[in-house]
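Engineer: Handing you a structure now.
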Amino acid sequence: MRLSQMLFVTLREDPAEAEIPSHKLLLRAGYIRRIGSGIYAYLPLMWRVLKKVSQIVREEMDATGAQECLLPQLQPADLWRESGRWDTYTQAEGIMFAMTDRQQRELGLGPTHEEVITTIAKDMIRSYRQLPLHLYQIQTKFRDEIRPRFGLMRGREFIMKDGYSFHTNEESLKKTYQDMAQAYSNMLRRSGLQFRAVDADSGAIGGSGSQEFMVLAEAGEDEVLYTEDGQYAANVEKAVSMPADVEPSPFASFEKRETPGTETIDKLCKFLKCSPTQVVKNVLYQAVYDNGITVLVLVSIRGDQDVNQVKLLNELTKLAGNYQAKTVLFLTVPDAEAQRKWAAKSLPLGYMAPDVADDYIAGSKEVNSKFLRLVDRTAVDLTNFVTGSNESGYHVVGANWNKEFPLPATVVGVRTAKKGDRAVHNPEQTLQSARGIEVGHIFQLGTKYSQAMGATYTSEQGEEMPFVMGCYGVGVSRLAQSAVEQSYDKDGIIWPVAIAPYHAIISIPNISDPQQVEVAEKLYAELNQSGIETLLDDRDERAGVKFKDADLIGIPYRIVPGRSLKTGKVEVVERATHKSHEILVDEVNSTLKQWIEAAIN
């Protein structure tokens with residue numbers, strides 16, 4: 001492609017809307033254009049990148065025996081009600097675009113396709129002889145993000161590969177799950193990315209186990225905790241660890257003490273001259289279940305630890321049946337306005353004890369009249385601890401469970417693991433931290449959807465059995481931007497060779513020089529003919545402008561037919577290293593072929 005004929009416009013300044021380097025660079029380099037909040041047009045250069053990523057994904061999926069298909073983006077609400085996820089996706093997470101057609105039928109734009117694919121399996125798979133089966137698609141998805149940001153990282157419309165497998169048993173599912181773990185690693189490796197596979201929370205998709213594939217980058221929204229021995233890696237939402245040892249309590253007897261201005265753990269510990277490992281803090285949450293019932297949740301946890309809200313949400317979901325509900329719609333820390341709706345009297349915030357009285361709640365049909373009291377494992381074995389007194393300005397010291405305070409019946413593990421903690425698998429290993437961009441996620445769904453939707457097959461023994469399912473997703477457009485976030489410099493993008501829009505760009509310094517133009521045209525034809533995808537910058541611009549644009553758009557190799565033509569050579573500059581080589585014109589093709597093959601393989 002000749003740049004003079006291409007839709008090619010670059011910007012010298014960073015767009016005001018862009019927050020992270022990759023977003024700024026893709027806009028500046030003319031890869032994408034913002035059409036609306038979280039909505040972007042993929043321009044010609046970007047589309048070539050996306051097609052290359054898609055092809056790598058497709059090849060790895062096909063190699064596992066998965067079959068490509070294409071599913072409808074418009075999905076009937078009834079399917080989602082069958083699975084029990086309509087309220088979760090339209091209210092709790094609120095990420096589905098929902099609408100009503102002219103016949104007053106409710107529909108959603110697909111953020112994912114478990115319901116559709118399960119319906120297809122239910123209709124078409126009759127016998128165990130048809131299993132296992134694995135279908136996938138590469139398609140545009142839609143999610144109504146509350147705050148779209150970072151360009152293609154968190155948009156409202158994006159390209160994704162999603163796949164779904166059907167099995168007769170867990171053993172078969174686990175084999176496909178392992179195949180996908182390998183295929184996803186292959187995809188990222190072939191795309192030229194540094195990544196880490198980590199244990200993850202299954203979220204609204206559900207299932208027994210899942211793994212995320214994180215491209216390592218400082219701007220990543222996710223924190224990854226891992227050990228140097230390579231034996232453990234997990235998203236912070238899922239990570240487990242051993243907390244620091246408890247320090248001895250300085251309090252031998254129970255008493256109430258005045259502790260003015262000690263609403264925080266730091267202030268309290270300084271005032272009492274004690275360790276936060278000897279404090280039981282009581283954190284208040286407000287959970288709204290899908291039947292409209294609000295439950296006030298009091299979590300007692302060790303003072304030096306923080307509650308992981310994802311882990312807490314999972315625990316509350318397990319308890320949904322106690323409130324005649326299926327799932328949690330919202331989980332928040334209730335602010336003053338929220339408290340006014342249910343509090344019978346002002347709560348002693350910052351000074352609450354594990355036994356804060358239920359009469360603080362003005363019970364109603366919508367609000368459960370009793371606190372749901374949970375205790376984290378870190379607080380269970382504490383003795384002679386410090387905690388609130390239920391009176392502002394006062395704490396108690398030397399307290400013990402089942403003496404001064406009843407131990408809550410429900411013990412949970414909801415602490416947040418953090419950098420520096422000891423690893424569970426080997427206490428000599430400490431957790432390290434890195435930032436990551438989630439580009440892939442694989443799930444062992446089990447029978448969650450098949451049971452809910454009545455999707456069964458006939459077993460070898462003639463029984464009707466629910467499908468055992470797996471689900472596997474890769475964000476194609478997100479992967480492409482994550483490559484930029486991982487690899488750029490002050491001059492622009494540095495694309496990995498495998499997914500760069502073009503392998504090489506020929507920049508003619510002076511289009512008025514017949515020799516330069518002749519050599520450039522010759523190389524342009526030869527390189528493209530031999531499979532080296534090459535751009536020709538034949539614009540009537542200064543050489544400096546052309547070189548800056550070549551660096552900005554990140555093409556791996558820049559060929560300059562300039563002064564060195566006097567000796568029958570051209571300059572070839574490697575974008576990643578800025579190394580310059582003078583190569584004979586007749587050897588450019590073979591040299592680039594070697595470099596490209598080495599980079600891709």
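Residues are named by chain letter and number: chains run A, B, ... in the order of the structure tokens, numbers start at 1 in each chain, and ligands are numbered from 1 in the order shown.
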Neighbouring residues of Ala233 of chain A were defined as those with any atom within 12 Å, considering only C-alpha atoms; residues of the same chain fewer than 2 positions away were excluded. Please report them as a PyMOL selection string.
Structural biologist: chain A and resi 195-200+211-214+223-231+235-241+417+419+423-425+430-434+436
Engineer: Could you write out the selected residues, including N, CA, C and O atoms, as a CSV table (one decimal), in the first residue's frame?
Structural biologist:
chain,number,residue,atom,x,y,z
A,195,PHE,N,3.6,-12.6,29.0
A,195,PHE,CA,2.3,-12.8,29.7
A,195,PHE,C,2.5,-13.8,30.9
A,195,PHE,O,3.6,-14.4,31.1
A,196,ARG,N,1.5,-13.9,31.7
A,196,ARG,CA,1.5,-14.8,32.8
A,196,ARG,C,0.1,-15.4,32.9
A,196,ARG,O,-0.9,-14.7,32.9
A,197,ALA,N,-0.1,-16.7,33.1
A,197,ALA,CA,-1.3,-17.4,33.3
A,197,ALA,C,-1.5,-17.4,34.8
A,197,ALA,O,-0.6,-17.9,35.6
A,198,VAL,N,-2.7,-17.0,35.3
A,198,VAL,CA,-3.0,-16.9,36.7
A,198,VAL,C,-4.3,-17.5,37.1
A,198,VAL,O,-5.3,-17.5,36.3
A,199,ASP,N,-4.4,-18.0,38.3
A,199,ASP,CA,-5.7,-18.5,38.9
A,199,ASP,C,-6.6,-17.2,39.0
A,199,ASP,O,-6.2,-16.1,39.3
A,200,ALA,N,-7.9,-17.4,38.8
A,200,ALA,CA,-8.8,-16.3,38.7
A,200,ALA,C,-10.2,-16.6,39.3
A,200,ALA,O,-10.6,-17.7,39.5
A,211,GLN,N,-9.0,-19.6,34.8
A,211,GLN,CA,-7.6,-19.1,34.7
A,211,GLN,C,-7.6,-17.9,33.8
A,211,GLN,O,-8.3,-17.9,32.7
A,212,GLU,N,-6.9,-16.9,34.2
A,212,GLU,CA,-6.8,-15.7,33.3
A,212,GLU,C,-5.4,-15.6,32.7
A,212,GLU,O,-4.4,-16.2,33.2
A,213,PHE,N,-5.3,-15.0,31.5
A,213,PHE,CA,-4.1,-14.8,30.8
A,213,PHE,C,-3.8,-13.3,30.8
A,213,PHE,O,-4.5,-12.6,30.1
A,214,MET,N,-2.7,-12.9,31.5
A,214,MET,CA,-2.4,-11.5,31.7
A,214,MET,C,-1.2,-11.1,30.9
A,214,MET,O,-0.1,-11.7,31.0
A,223,GLU,N,-4.0,-6.6,39.3
A,223,GLU,CA,-2.8,-6.9,40.1
A,223,GLU,C,-2.6,-8.4,40.1
A,223,GLU,O,-3.6,-9.1,40.4
A,224,VAL,N,-1.4,-8.9,39.7
A,224,VAL,CA,-1.1,-10.3,39.7
A,224,VAL,C,-0.1,-10.5,40.9
A,224,VAL,O,0.9,-9.8,41.0
A,225,LEU,N,-0.4,-11.5,41.7
A,225,LEU,CA,0.5,-12.0,42.7
A,225,LEU,C,1.1,-13.3,42.4
A,225,LEU,O,0.4,-14.2,41.9
A,226,TYR,N,2.4,-13.4,42.5
A,226,TYR,CA,3.1,-14.7,42.0
A,226,TYR,C,4.3,-14.9,42.9
A,226,TYR,O,4.8,-14.1,43.7
A,227,THR,N,4.8,-16.1,42.8
A,227,THR,CA,6.1,-16.5,43.5
A,227,THR,C,7.2,-16.7,42.5
A,227,THR,O,6.9,-17.1,41.3
A,228,GLU,N,8.4,-16.4,42.9
A,228,GLU,CA,9.5,-16.5,42.0
A,228,GLU,C,9.8,-17.9,41.6
A,228,GLU,O,10.4,-18.2,40.5
A,229,ASP,N,9.4,-18.9,42.3
A,229,ASP,CA,9.6,-20.3,41.9
A,229,ASP,C,8.7,-20.8,40.8
A,229,ASP,O,8.8,-21.9,40.3
A,230,GLY,N,7.8,-19.9,40.4
A,230,GLY,CA,6.9,-20.3,39.3
A,230,GLY,C,5.8,-21.2,39.6
A,230,GLY,O,5.0,-21.7,38.8
A,231,GLN,N,5.6,-21.5,40.9
A,231,GLN,CA,4.6,-22.5,41.4
A,231,GLN,C,3.3,-21.9,41.7
A,231,GLN,O,2.3,-22.6,41.9
A,235,ASN,N,-4.7,-13.8,40.2
A,235,ASN,CA,-5.3,-12.4,40.2
A,235,ASN,C,-5.5,-12.1,41.7
A,235,ASN,O,-5.9,-13.0,42.5
A,236,VAL,N,-5.3,-10.8,42.1
A,236,VAL,CA,-5.4,-10.5,43.5
A,236,VAL,C,-6.9,-10.8,44.0
A,236,VAL,O,-7.1,-11.0,45.2
A,237,GLU,N,-7.9,-10.8,43.1
A,237,GLU,CA,-9.2,-11.1,43.5
A,237,GLU,C,-9.3,-12.6,44.0
A,237,GLU,O,-10.2,-12.9,44.8
A,238,LYS,N,-8.4,-13.4,43.5
A,238,LYS,CA,-8.5,-14.9,43.8
A,238,LYS,C,-7.3,-15.3,44.8
A,238,LYS,O,-7.4,-16.3,45.4
A,239,ALA,N,-6.3,-14.5,44.8
A,239,ALA,CA,-5.0,-15.0,45.5
A,239,ALA,C,-5.2,-15.3,47.0
A,239,ALA,O,-6.0,-14.6,47.7
A,240,VAL,N,-4.5,-16.3,47.4
A,240,VAL,CA,-4.5,-16.7,48.8
A,240,VAL,C,-3.0,-16.6,49.3
A,240,VAL,O,-2.1,-16.8,48.5
A,241,SER,N,-2.9,-16.4,50.6
A,241,SER,CA,-1.5,-16.4,51.1
A,241,SER,C,-1.6,-16.6,52.7
A,241,SER,O,-2.7,-16.6,53.2
A,417,ALA,N,-5.1,-11.0,49.8
A,417,ALA,CA,-3.6,-11.3,49.8
A,417,ALA,C,-2.9,-10.1,49.3
A,417,ALA,O,-3.4,-9.4,48.4
A,419,LYS,N,1.3,-8.3,48.3
A,419,LYS,CA,2.7,-8.4,48.1
A,419,LYS,C,3.5,-8.5,49.4
A,419,LYS,O,3.2,-7.8,50.4
A,423,ALA,N,3.8,-17.5,50.8
A,423,ALA,CA,3.0,-18.3,50.0
A,423,ALA,C,2.5,-19.5,50.7
A,423,ALA,O,3.2,-20.1,51.6
A,424,VAL,N,1.3,-20.0,50.4
A,424,VAL,CA,0.7,-21.1,51.0
A,424,VAL,C,1.4,-22.4,50.7
A,424,VAL,O,1.7,-23.2,51.5
A,425,HIS,N,1.8,-22.5,49.4
A,425,HIS,CA,2.5,-23.8,49.0
A,425,HIS,C,3.9,-23.9,49.5
A,425,HIS,O,4.4,-25.0,49.6
A,430,THR,N,7.8,-15.6,49.1
A,430,THR,CA,6.9,-14.5,49.4
A,430,THR,C,6.3,-14.0,48.1
A,430,THR,O,6.9,-14.2,47.0
A,431,LEU,N,5.1,-13.5,48.2
A,431,LEU,CA,4.4,-13.1,47.0
A,431,LEU,C,5.0,-11.8,46.4
A,431,LEU,O,5.2,-10.9,47.1
A,432,GLN,N,5.1,-11.9,45.1
A,432,GLN,CA,5.6,-10.7,44.3
A,432,GLN,C,4.4,-10.1,43.6
A,432,GLN,O,3.4,-10.8,43.4
A,433,SER,N,4.5,-8.9,43.1
A,433,SER,CA,3.3,-8.2,42.5
A,433,SER,C,3.7,-7.7,41.1
A,433,SER,O,4.9,-7.2,40.9
A,434,ALA,N,2.8,-7.8,40.2
A,434,ALA,CA,3.0,-7.2,38.9
A,434,ALA,C,1.6,-6.7,38.4
A,434,ALA,O,0.6,-7.2,38.9
A,436,GLY,N,-1.1,-6.4,35.3
A,436,GLY,CA,-1.4,-7.2,34.1
A,436,GLY,C,-2.7,-6.7,33.4
A,436,GLY,O,-3.6,-6.1,34.1
Engineer: Could you give me, as a VMD selection string, each residue of segment 359-493 of chain A that DSSP assigns to strand (DSSP E or B) when run on this structure's backbone?
Structural biologist: chain A and resid 361 367 372 to 376 385 to 388 394 to 399 401 405 410 to 412 415 422 430 432 to 446 456 to 458 464 to 466 468 to 475 488 to 489 492 to 493
Engineer: Could you tell me which of A:Arg422, A:Arg340, A:Arg373, A:Lys546 comes closest to Ala244 of chain A if we count only C-alpha atoms?
Structural biologist: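 Among the listed residues, A:Arg422 lies closest to Ala244 of chain A.
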Engineer: With only C-alpha atoms as the counted atoms, please give the residues lying no more than 7 Å from segment 580-593 of chain A, apart from itself and same-chain residues fewer than 5 positions off, as a list in words.
Structural biologist: Leu527, Gly568, Lys569, Val570, Glu571, Val572, Val573 and Glu574 of chain A
Engineer: Looking at A:His113, A:His503, A:Arg2, A:Arg302, which one is nearest to Asp245 of chain A, with distances taken over only C-alpha atoms?
Structural biologist: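 Nearest candidate to Asp245 of chain A out of A:His113, A:His503, A:Arg2, A:Arg302: A:Arg302.
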Engineer: Within 6 Å of Arg48 of chain A, counting only C-alpha atoms, which residues qualify if same-chain residues fewer than 3 places away don't, as a VMD selection string?
Structural biologist: chain A and resid 45 51 501
Engineer: Return the single residue from A:Asp491, A:Glu518, A:Glu68, A:Asp537 that is closest to Arg28 of chain A, with distances computed using only C-alpha atoms.
Structural biologist: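 Of all the options, A:Asp491 lies closest to Arg28 of chain A.
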Engineer: Would you please work out which residue, of A:Thr383, A:Thr327, A:Ser369, A:Thr416, is nearest to Trp86 of chain A when using only C-alpha atoms?
Structural biologist: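 Result for the nearest residue to Trp86 of chain A: A:Thr327.
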Engineer: Mind checking which residues fall within 12 Å of Asp101 of chain A, counting only C-alpha atoms, ignoring those fewer than 5 positions away in the same chain, and posting them as a ChimeraX atom specification?
Structural biologist: /A:74-77,106-108
Engineer: Taking only C-alpha atoms into account, which of A:Ile600, A:Leu193, A:Met469, A:Leu552 comes nearest Leu27 of chain A?
Structural biologist: A:Leu552
